[in-house]
Structure formats: C-alpha cells, structure tokens
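Novice: The structure under discussion is supplied below as structure tokens; questions concerning it will follow.
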Amino acid sequence: MNLLICPSLVLFVVLLILQPAAVCLAQNAAAVEIKGTVSAADGEPIVGAHIVEPKSGKGAASAVDGTFKMSLPANFPVQLQVSAIGWMPQTVTIAKASEKNIAIVLQSRDKVLGTVEITGARVTSPHIQRINPDFALQLPSTAGYNIEGVVRSQMGVTSNSELSSQYRVRGGNFDENLVYVNGQEVYRPFLIRSGQQEGLSFVNPDLVETVEFSAGGFSASYGDKMSSVLDIQYKRPKETAGSASVGILGANAHLEGSAFNNKLTWITGARYKTSSYLLGTLDTKGEYMPDFTDVQAYITYSPTSRLTLDVLGYYSMNTYRFVPEFMSTSFGTLSELKQLRVYFDGSEIDRFQTGYGAVSATFNATTSQSYKLTLTGFRTSEEETYDIDSQYWLSDAILPSERDEEITYTEAGVGESWRHARNNLIGNVVSANFTAAHKTGIGTINWGTIYQYEYFKDNIHEYEMVDSSFYTIPRPSGNRLEMAYFKHGRNIIGNHRASAFVKNLTSWTVGNGNMIMDVGIRGSYSSYIDEFIFSPRLQLTWLPAKESNYRIRLSGGYYYQPPLVKEYRKPDGSYNTGLKSQKSIQAVSGIDYYFTAFERPFKFTSEAYFKKYENLVTYQIDNVRVIYSGENDAHGYAAGIDFKLNGELVHGEESWVTLSLMRTQEDLWHDVYLNPDKECTPGYTPRPSDQLLNFSLFLQDHLPTMPALKAHLSFFFGTGFPYGPPNSPRYLATMRYKAYRRIDLGLSYDLLTINSFAKGFGKYLKNFRIGAEILNLPDMINTISHSWVNDIDGTQYAVPNYLTSRRVNVRVAVEF
C-alpha cells in the first residue's frame, strides 16, 4: 500500500518545491495577460480544465471557480487549446488584444465516454463515481428495477445473494454503508434476517436524477460510517411525463410534471414486488406469500428565484408470510454423499412498516452564498413472528455399483427442532440539519450542523431447542432444559446526537497542472454512550496540464461508526450501554486514465486502499442478518486493489468490467484456546466479509441491422466468504462458502420502431419496450447459509441452504 501512495506524495512535494515563488515575467516586453472562465453549458464552473497555447507551450489550469489567467506573447491571433477530463476538447481563437477576458463553455462527453463515471471535474468531487440511473432499468435482476443492483457491479462492491439489495464494500458489512436521498440519510429495516423477507429498497429508480457513489475515502460532508456513500438526488421535472412497467416479479408506475413556469415541480411513484415465483425454486417447499409495496412523492416550489421549498414523503409496507412444508437436499462429496429430509409444521409472519418525511428550504442569498434548512422524520415498526417445528432425517447415500441401479440410503441421524420468535422493534429518528456553502476567491467553503434524536424500543425473544437422536443439544443440566440458543431482551434507546462539519474545496497551480484539495473535519457527540468523535478527512486530485488524459487521486482520514441499534445487542439479547464507536484510519490512492480503442473512448480506473480498524464490534453473518458480539473486542485491517474498465464495446452501448482483490482480518483481544494444555492466542482470523477475489461484468449489445433489439448481460463471480459452526468462538470461523457465480441475461425490444405501431397508439408514447430475462442462465447452485445437524455419533454437519435456480421473467414497460 505504501508503495502505491508514496510516489504520488513525493511527486507532489517535488512539484511544490520547484514551483516558482513569483509570477512568471514575460520573455519579452510585448506580452499580454489573458483571463477567463471555463464552465459547463449550465454555467457550473469546471475545475482543472487545461488551457494551452501550443506555439509557446505555456498553459494554465482553471481553479475551483472555473477562472484562469496566463501571460502570452502578443502575437495575435492566438489559439488556445482547452481540455478537461470528461469534457469535449475545444480550440478557442483570440483575434485581438482587446479580447483579454474570455468565457469558454465546454460540452459534456457523457454521450461519448459513457455516464458511469465522473462527467468532468466539477466542484462536487473527482473522488465520487457518477452512475447513470437508466442502467437500473436495463440491468437484468431478480429485484426488478433497482439502483443497488447497479451499485453492486461497481469496483470494491460485492454481494452473494440475488434476493437482497444489500451489499458489502471493501471488507465492510451491510450496516457500514451510508445512503442519502436529497442530501439526507435514509434507513432500511433493522430486523431483516434473510433475503426472502427483504422488500423494496428506499430508492425508487423512476424518481432518480443523479446517482453518486464512493467506495471509501469520502469527504467530511458525509456522515459517520466506515465503508461507502450512495448519494441520490431526485428529479425536478420540467414537463409532464410518466412511465409504467409490469412483469412476473412486480409492477411500478410514476408520474411527473411542473407548473407556473417550473416554479412548482412534482414527481411521484408507486411500486409492488412479489418474489413467490423465485422462492418456489428453493429447496424448502411450502407456501410463500411475500407482499412488498411502497409509494413516495417529491414536490418542490420556488416562490422566488432565491428561495426553494422541498417536500419528500415515503411510505412502505413489506409483509412476508411463509408456511414451510418439506425440504430435501443432498450435500457432501462422492465418497461421502448425504441426504437431508425435513418435514415442517408451523408458519412465519413478518411485517415491516416504514414512513419517512423531509421538508427543506434552500435560500440563495447571493450567487456565492447559499443556505439550506432540512427537517426529517423516520419511523419504523417491525415484527418478526414464527413457530416452526422441524423433523429431520439424515441419511448416508450408497451409490449403485451398476448404472441402472438406484441410489439407496441408510439412516445416519434423526432429530427435531423447535424454533420460536416474538421480536418487534419500533424506531423513531427525527433531525434538523442546517448547511451552508460560501464561494470565495480561493475556493468553496461548506459547513453544516445536525441535531438528531434517536429512539428505539427493541424487544427480542427467540429460542431454538434441538432434539437430535433422542437427546437435546446441549444435554440437560440437572432439571434444567437447555436450549441450542436463547435470546431475550427488552431494551430502550434514547440518544441525542449532535454533529457538525466544515470543509474547504480549493485548487492551485502546480507547474502547468492543477492540484485540487478537499480538506475538512467532522465532529459528533452521542449522549447515550457519552462519546465525542472527531474525523479529519482529506482528498487530493492532481491534473497534469499537458497530459490531460489522466488524473491521480489521494484521499483518507479517520472514519468512525457510532452504534445505532444492532451493535448494542449482545448474544443473549441484552444491550451493552458501554459500547464505543468503531474506528478506521483509511488511505486510498487512485488513477483515472482515458484512452481511445477501436475508434471508441474508454476509461480505466484503479484504486488501492488500506484500512486500519480499532474498537471493532465483531460479528457473524447468517444469510443477510448481522449478529454482533455487542462488545468492542478486536482490531483489524483491510487492504486491497480494485480495477475497472468501461467504454463502448459496441457503438452507443456502455459496458464495464471490474476486478477486486482484497484481504481483511481481525485479532480478537481476549480469545484463547488450549493446545494441548497451555493457553494460546489464535491471532488474526479472516473477518466474515473477507473475500480474496470479486469479478463483475455488465455487457450491452444490439444487432447492427436491428438496433431496437438489445441484449443486457450481467455476470458475477466472487470467492467464498468464511463461516463457522453456530455459537462457536470466532477463531473457528475459517471454513469457506463455495464461490458465488451468477449470469443473468435480458433481452428487450422497442415496439415504437415498428412504423405501423408508432403511427397509431405509439404516437402518444416515448418508449414501449417488451423484454424477457433469463435469471441464473447456467442454473448455477449458490449457497447463502448453512443449517447444522448431528448424526447418531454426534458428528455435526453443515447442510447448505441454496439460492434460486433458473427462472424466466417477462416485463412490459412504457414511457409517455
């Protein structure tokens, strides 16, 4: 890692030393100073644009506010070559000396370079990827239209379940990712334990204008979590429009419009999802009744040119009902093949009801000063209820000696388990957020303060009793009946959280290039655990003037994760009120390189990173449920390197491929074992999110003679995560899941390309697509978790719980 960061730091220092202390004097008396600005078509300044006079070789780079100045020989006319990463290059001619102050407007290269990338070095941040939300409507997925489905194909991101929209980033878990909508943090349900229960994510792709994602090293304006940021901005429509889509897995619709010369804008959407068709492919057969619905609306009103009022409302009801009946699965090797048959009695009913509201006022005092006040409220009511009796038969399979003989089975173990749960959680989070931005002559200063009150009432009562081969596991102690596990707790959290941040985005000239710096600090106080935390963060970007096809990035700082709800919970269900925030020190080094191949543009990106963890709250993962130890009991690290190549393999169709290599481990502070009679420490063990290799591919294509017929293919491969026996010490979790492999293929055709249809009903539509998706095209078998059973000799076996097999989905979508 140091080898990756140090060369760039040394180069930065050397360039600063070589930088002249005084302004360069003209080489002859006949010289003139040229000033100007570089901006986008919408007037937003472009940072780090390179302005070069080719004859003299003199150049300059635009500052944070888009301004530049340079001294040139007074030999008119003068030609300036202007270029910036993500923007179309331009040649500007200055005809006479009186034209000393020029305004240069560059056109975006979105249509040339694709949109899953930074679209120019804007004032936002070159360290954040901008993702085209339209890809969510094209990516074949079991979750339907889903922004998170596109995010999981980005570098550094991994997921091992097609039933869940959750993802892990660079060694973190599902709870370490920030999600913002319109600048405010949003939440997901807390009691989700499996992908089958998981409903719709908060973000509705039909409402999305922009998507920005950072896999680490993000700025101080974002909150306190250790892995990533997904920043969503909803649309402000300028015309009336809408869409609708229906398929086997669900339906969605949206309407949008504006009035009073766009002073009033509105957009609203509703979605419905059902996954019973998919869940029917699981080994556990029964009656699956998932029912997931949400509706949300975003309204803006601008009574004056300086004042804008926003309102966002959201409501969702996710219900999961399941009546299991029978399961049969085979596992093991050819030399030790086993079969497990389970008969069930009972049912499970889960309900997750969520509401969210946000009201904000933005006031632009001047062209260089703006202020925003936002009030938000979030409420969740969650219930998880089940009583399931499972009777199982474990058998040894005897392979036939002759080809026409059948496999026979001999009984190896029998048992029964009772699982019971009455879990419910009520959560309320209200906040007041004030932010401000001030543009100065040397940069942009952003600051903000946040007050947040968090109230959670968490009641948990669940247990499992296992009777294996006529003996309870564990064995009874005296007259006391022992459970395989037992959790019980009634806990209430009332936490006042106050946060503040300040950061400065500035730039300065380094030779003929430009250095952009985003430096800031964030502070937070939590009353429930009586803890202050301070998080300094830094981002540097170097844009060389003459080699404008690449840029180098460095970022890092201190990143904390204060506990919210689940981290407090100990294995027995009680809360640890003495818990402290987890901490990571992060360093990220990256490069973006633009090039042309096959007469089409491409972009190559690579990032290397290192994270040092302290005060870790260790955990284990069962399906998508994160089970914490409830203690600050370890330190650790994560290190890796990511690669991404994106461009137009087929003209007009964006595709990309990513490769990630990563290692993350932790060292528990007080874990010991006997070997044979003395105490030994296990040392570093793999974290549950440790994955050596992750590969993803998104490919788009169309027929040259029929461009309306398009194909979309997604491919995921990831080596296995570690796991271990239930209720066992963490250092025993060194077994590995099998590699996750999945290919989904989607085909779509735009009916508006048919002339007879386009002239009829189609003249009222913008788009009318019919599509088919083959989900899990090769019918690969993937494992999400394990069930543990014992044979008559007391040997414990991990029986894999498999994910979905091949399915075909059909969708029809219209836009008007």
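As shown in the structure tokens, the chain order sets the letters A, B, ...; within each chain, residues go from 1, and ligands are also counted from 1 in the order they appear.
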Identify, on the basis of only C-alpha atoms, every residue whose closest approach to Lys338 in chain A does not exceed 9 Å; exclude the query and any residue fewer than 3 positions from it along the same chain; express the result as a ChimeraX atom specification.

Specialist: /A:329-333,394-398,409,412

Novice: Write a file of the just-selected residues containing N, CA and C atoms, as a PDB file, in the first residue's frame.

Specialist:
ATOM      1  N   THR A 329     -32.530 -32.104   0.424  1.00  0.00           N
ATOM      2  CA  THR A 329     -31.307 -31.624  -0.206  1.00  0.00           C
ATOM      3  C   THR A 329     -30.205 -32.647  -0.034  1.00  0.00           C
ATOM      4  N   SER A 330     -29.310 -32.678  -0.986  1.00  0.00           N
ATOM      5  CA  SER A 330     -28.142 -33.564  -0.932  1.00  0.00           C
ATOM      6  C   SER A 330     -26.884 -32.720  -0.832  1.00  0.00           C
ATOM      7  N   PHE A 331     -25.898 -33.231  -0.125  1.00  0.00           N
ATOM      8  CA  PHE A 331     -24.656 -32.487   0.046  1.00  0.00           C
ATOM      9  C   PHE A 331     -23.537 -33.468   0.321  1.00  0.00           C
ATOM     10  N   GLY A 332     -22.315 -32.952   0.331  1.00  0.00           N
ATOM     11  CA  GLY A 332     -21.142 -33.789   0.584  1.00  0.00           C
ATOM     12  C   GLY A 332     -20.353 -34.032  -0.681  1.00  0.00           C
ATOM     13  N   THR A 333     -19.572 -35.117  -0.678  1.00  0.00           N
ATOM     14  CA  THR A 333     -18.743 -35.493  -1.826  1.00  0.00           C
ATOM     15  C   THR A 333     -19.169 -36.868  -2.320  1.00  0.00           C
ATOM     16  N   LEU A 394     -31.394 -37.584   8.540  1.00  0.00           N
ATOM     17  CA  LEU A 394     -30.104 -37.504   7.871  1.00  0.00           C
ATOM     18  C   LEU A 394     -29.708 -38.907   7.426  1.00  0.00           C
ATOM     19  N   SER A 395     -29.382 -39.058   6.141  1.00  0.00           N
ATOM     20  CA  SER A 395     -29.095 -40.385   5.589  1.00  0.00           C
ATOM     21  C   SER A 395     -27.776 -40.379   4.835  1.00  0.00           C
ATOM     22  N   ASP A 396     -27.109 -41.544   4.893  1.00  0.00           N
ATOM     23  CA  ASP A 396     -25.929 -41.784   4.056  1.00  0.00           C
ATOM     24  C   ASP A 396     -26.377 -42.355   2.725  1.00  0.00           C
ATOM     25  N   ALA A 397     -25.861 -41.797   1.644  1.00  0.00           N
ATOM     26  CA  ALA A 397     -26.206 -42.283   0.313  1.00  0.00           C
ATOM     27  C   ALA A 397     -25.217 -43.356  -0.111  1.00  0.00           C
ATOM     28  N   ILE A 398     -25.745 -44.461  -0.615  1.00  0.00           N
ATOM     29  CA  ILE A 398     -24.913 -45.559  -1.122  1.00  0.00           C
ATOM     30  C   ILE A 398     -25.051 -45.580  -2.640  1.00  0.00           C
ATOM     31  N   TYR A 409     -30.339 -45.379   0.607  1.00  0.00           N
ATOM     32  CA  TYR A 409     -29.966 -44.552   1.747  1.00  0.00           C
ATOM     33  C   TYR A 409     -30.076 -45.366   3.026  1.00  0.00           C
ATOM     34  N   ALA A 412     -28.651 -42.144   9.162  1.00  0.00           N
ATOM     35  CA  ALA A 412     -27.463 -41.748   9.916  1.00  0.00           C
ATOM     36  C   ALA A 412     -27.804 -40.880  11.104  1.00  0.00           C
TER      37      ALA A 412
END

Novice: Compile the contact shell of Asn576 in chain A as a list in words: residues with an atom at most 8 Å away, counting only C-alpha atoms, same-chain residues fewer than 4 positions apart removed.

Specialist: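 Surrounding residues, per the criterion: Tyr568, Arg569, Lys570, Gly630 and Glu631 of chain A.
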
Novice: Have a look at A:Gly523, A:Pro89, A:Gly171, A:Pro688 and name the one nearest to Ile51 in chain A; count only C-alpha atoms.

Specialist: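 That would be A:Pro89, the residue with the smallest distance to Ile51 in chain A.
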
Novice: What lies within 6 Å of Asn446 in chain A using only C-alpha atoms, ignoring chain neighbours under 3 positions off, as a PyMOL selection string?

Specialist: chain A and resi 436-437+502-503

Novice: So that I have them on file, write out the residues from the current selection with C-alpha atoms, as a PDB file, in the first residue's frame.

Specialist:
ATOM      1  CA  ALA A 436     -24.252  26.448   4.045  1.00  0.00           C
ATOM      2  CA  ALA A 437     -21.939  26.997   1.073  1.00  0.00           C
ATOM      3  CA  VAL A 502     -16.645  22.199   7.867  1.00  0.00           C
ATOM      4  CA  LYS A 503     -14.656  21.679   4.700  1.00  0.00           C
TER       5      LYS A 503
END

Novice: Env of Asn423 in chain A: 8 Å cut, atoms = only C-alpha atoms, seq-sep filter 3 positions within chain, self excluded. Answer as a PyMOL selection string.

Specialist: chain A and resi 383-385+458-462

Novice: Determine which residues of range 701-798 of chain A receive a DSSP assignment of strand (DSSP E), computed from the backbone, and state them as a PyMOL selection string.

Specialist: chain A and resi 701-703+706-718+722-723+735-736+740-750+767-775+783-790+796-798

Novice: Restricting the calculation to only C-alpha atoms, which member of A:Tyr723, A:Phe352, A:Tyr749, A:Trp669 is positioned closest to Met706 in chain A?

Specialist: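 Comparing A:Tyr723, A:Phe352, A:Tyr749, A:Trp669 against Met706 in chain A, the winner is A:Tyr749.
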
Novice: Write down as a list of chain:residue names the residues of range 731-801 of chain A whose backbone DSSP state falls under helix (DSSP H, G or I).

Specialist: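 Of range 731-801 of chain A, only A:Tyr731, A:Leu732, A:Leu751, A:Leu752, A:Thr753, A:Asn755, A:Ser756, A:Phe757, A:Ala758, A:Lys759, A:Phe761, A:Gly762, A:Lys763, A:Tyr764 fall in helix (DSSP H, G or I).
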
Novice: Now that the selection is made, can you save its residues with N, CA, C and O atoms as an mmCIF file, in the first residue's frame?

Specialist:
data_model
loop_
_atom_site.group_PDB
_atom_site.id
_atom_site.type_symbol
_atom_site.label_atom_id
_atom_site.label_comp_id
_atom_site.auth_asym_id
_atom_site.auth_seq_id
_atom_site.Cartn_x
_atom_site.Cartn_y
_atom_site.Cartn_z
ATOM 1 N N TYR A 731 -12.656 -17.589 16.207
ATOM 2 C CA TYR A 731 -11.478 -18.076 15.508
ATOM 3 C C TYR A 731 -11.719 -19.406 14.789
ATOM 4 O O TYR A 731 -10.891 -19.842 13.986
ATOM 5 N N LEU A 732 -12.874 -20.058 15.068
ATOM 6 C CA LEU A 732 -13.206 -21.291 14.355
ATOM 7 C C LEU A 732 -13.898 -21.035 13.022
ATOM 8 O O LEU A 732 -14.121 -21.967 12.248
ATOM 9 N N LEU A 751 -40.987 -1.377 -29.366
ATOM 10 C CA LEU A 751 -42.045 -1.531 -30.371
ATOM 11 C C LEU A 751 -42.267 -0.260 -31.178
ATOM 12 O O LEU A 751 -42.876 -0.308 -32.260
ATOM 13 N N LEU A 752 -41.790 0.885 -30.703
ATOM 14 C CA LEU A 752 -42.001 2.130 -31.437
ATOM 15 C C LEU A 752 -41.179 2.195 -32.717
ATOM 16 O O LEU A 752 -41.376 3.106 -33.527
ATOM 17 N N THR A 753 -40.263 1.252 -32.905
ATOM 18 C CA THR A 753 -39.515 1.205 -34.160
ATOM 19 C C THR A 753 -40.335 0.580 -35.289
ATOM 20 O O THR A 753 -39.930 0.626 -36.444
ATOM 21 N N ASN A 755 -43.173 0.943 -37.706
ATOM 22 C CA ASN A 755 -43.837 2.135 -38.231
ATOM 23 C C ASN A 755 -45.340 2.118 -38.005
ATOM 24 O O ASN A 755 -45.941 3.108 -37.588
ATOM 25 N N SER A 756 -45.974 0.989 -38.264
ATOM 26 C CA SER A 756 -47.423 0.923 -38.125
ATOM 27 C C SER A 756 -47.846 1.154 -36.684
ATOM 28 O O SER A 756 -48.874 1.777 -36.420
ATOM 29 N N PHE A 757 -47.067 0.665 -35.737
ATOM 30 C CA PHE A 757 -47.400 0.859 -34.327
ATOM 31 C C PHE A 757 -47.109 2.288 -33.897
ATOM 32 O O PHE A 757 -47.882 2.900 -33.162
ATOM 33 N N ALA A 758 -45.971 2.838 -34.372
ATOM 34 C CA ALA A 758 -45.586 4.189 -33.994
ATOM 35 C C ALA A 758 -46.588 5.221 -34.488
ATOM 36 O O ALA A 758 -46.806 6.256 -33.838
ATOM 37 N N LYS A 759 -47.216 4.993 -35.627
ATOM 38 C CA LYS A 759 -48.187 5.947 -36.162
ATOM 39 C C LYS A 759 -49.544 5.831 -35.489
ATOM 40 O O LYS A 759 -50.354 6.749 -35.579
ATOM 41 N N PHE A 761 -51.262 4.022 -31.814
ATOM 42 C CA PHE A 761 -51.246 4.326 -30.385
ATOM 43 C C PHE A 761 -49.864 4.787 -29.935
ATOM 44 O O PHE A 761 -49.740 5.572 -28.992
ATOM 45 N N GLY A 762 -48.825 4.329 -30.629
ATOM 46 C CA GLY A 762 -47.462 4.643 -30.222
ATOM 47 C C GLY A 762 -47.088 6.102 -30.337
ATOM 48 O O GLY A 762 -46.097 6.540 -29.746
ATOM 49 N N LYS A 763 -47.871 6.899 -31.088
ATOM 50 C CA LYS A 763 -47.515 8.308 -31.240
ATOM 51 C C LYS A 763 -47.670 9.078 -29.933
ATOM 52 O O LYS A 763 -47.181 10.200 -29.799
ATOM 53 N N TYR A 764 -48.366 8.506 -28.952
ATOM 54 C CA TYR A 764 -48.524 9.148 -27.657
ATOM 55 C C TYR A 764 -47.440 8.725 -26.662
ATOM 56 O O TYR A 764 -47.446 9.181 -25.520
#

Novice: Quick one: pull the distance between CA of Leu191 in chain A and CA of Leu163 in chain A, Å, one decimal.

Specialist: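 Between CA of Leu191 in chain A and CA of Leu163 in chain A the gap works out to 16.0 Å.
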
Novice: For CA of Tyr180 in chain A and CA of Phe260 in chain A, determine how far apart the two atoms are, in Å to one decimal place.

Specialist: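 Interatomic distance, CA of Tyr180 in chain A to CA of Phe260 in chain A: 29.2 Å.
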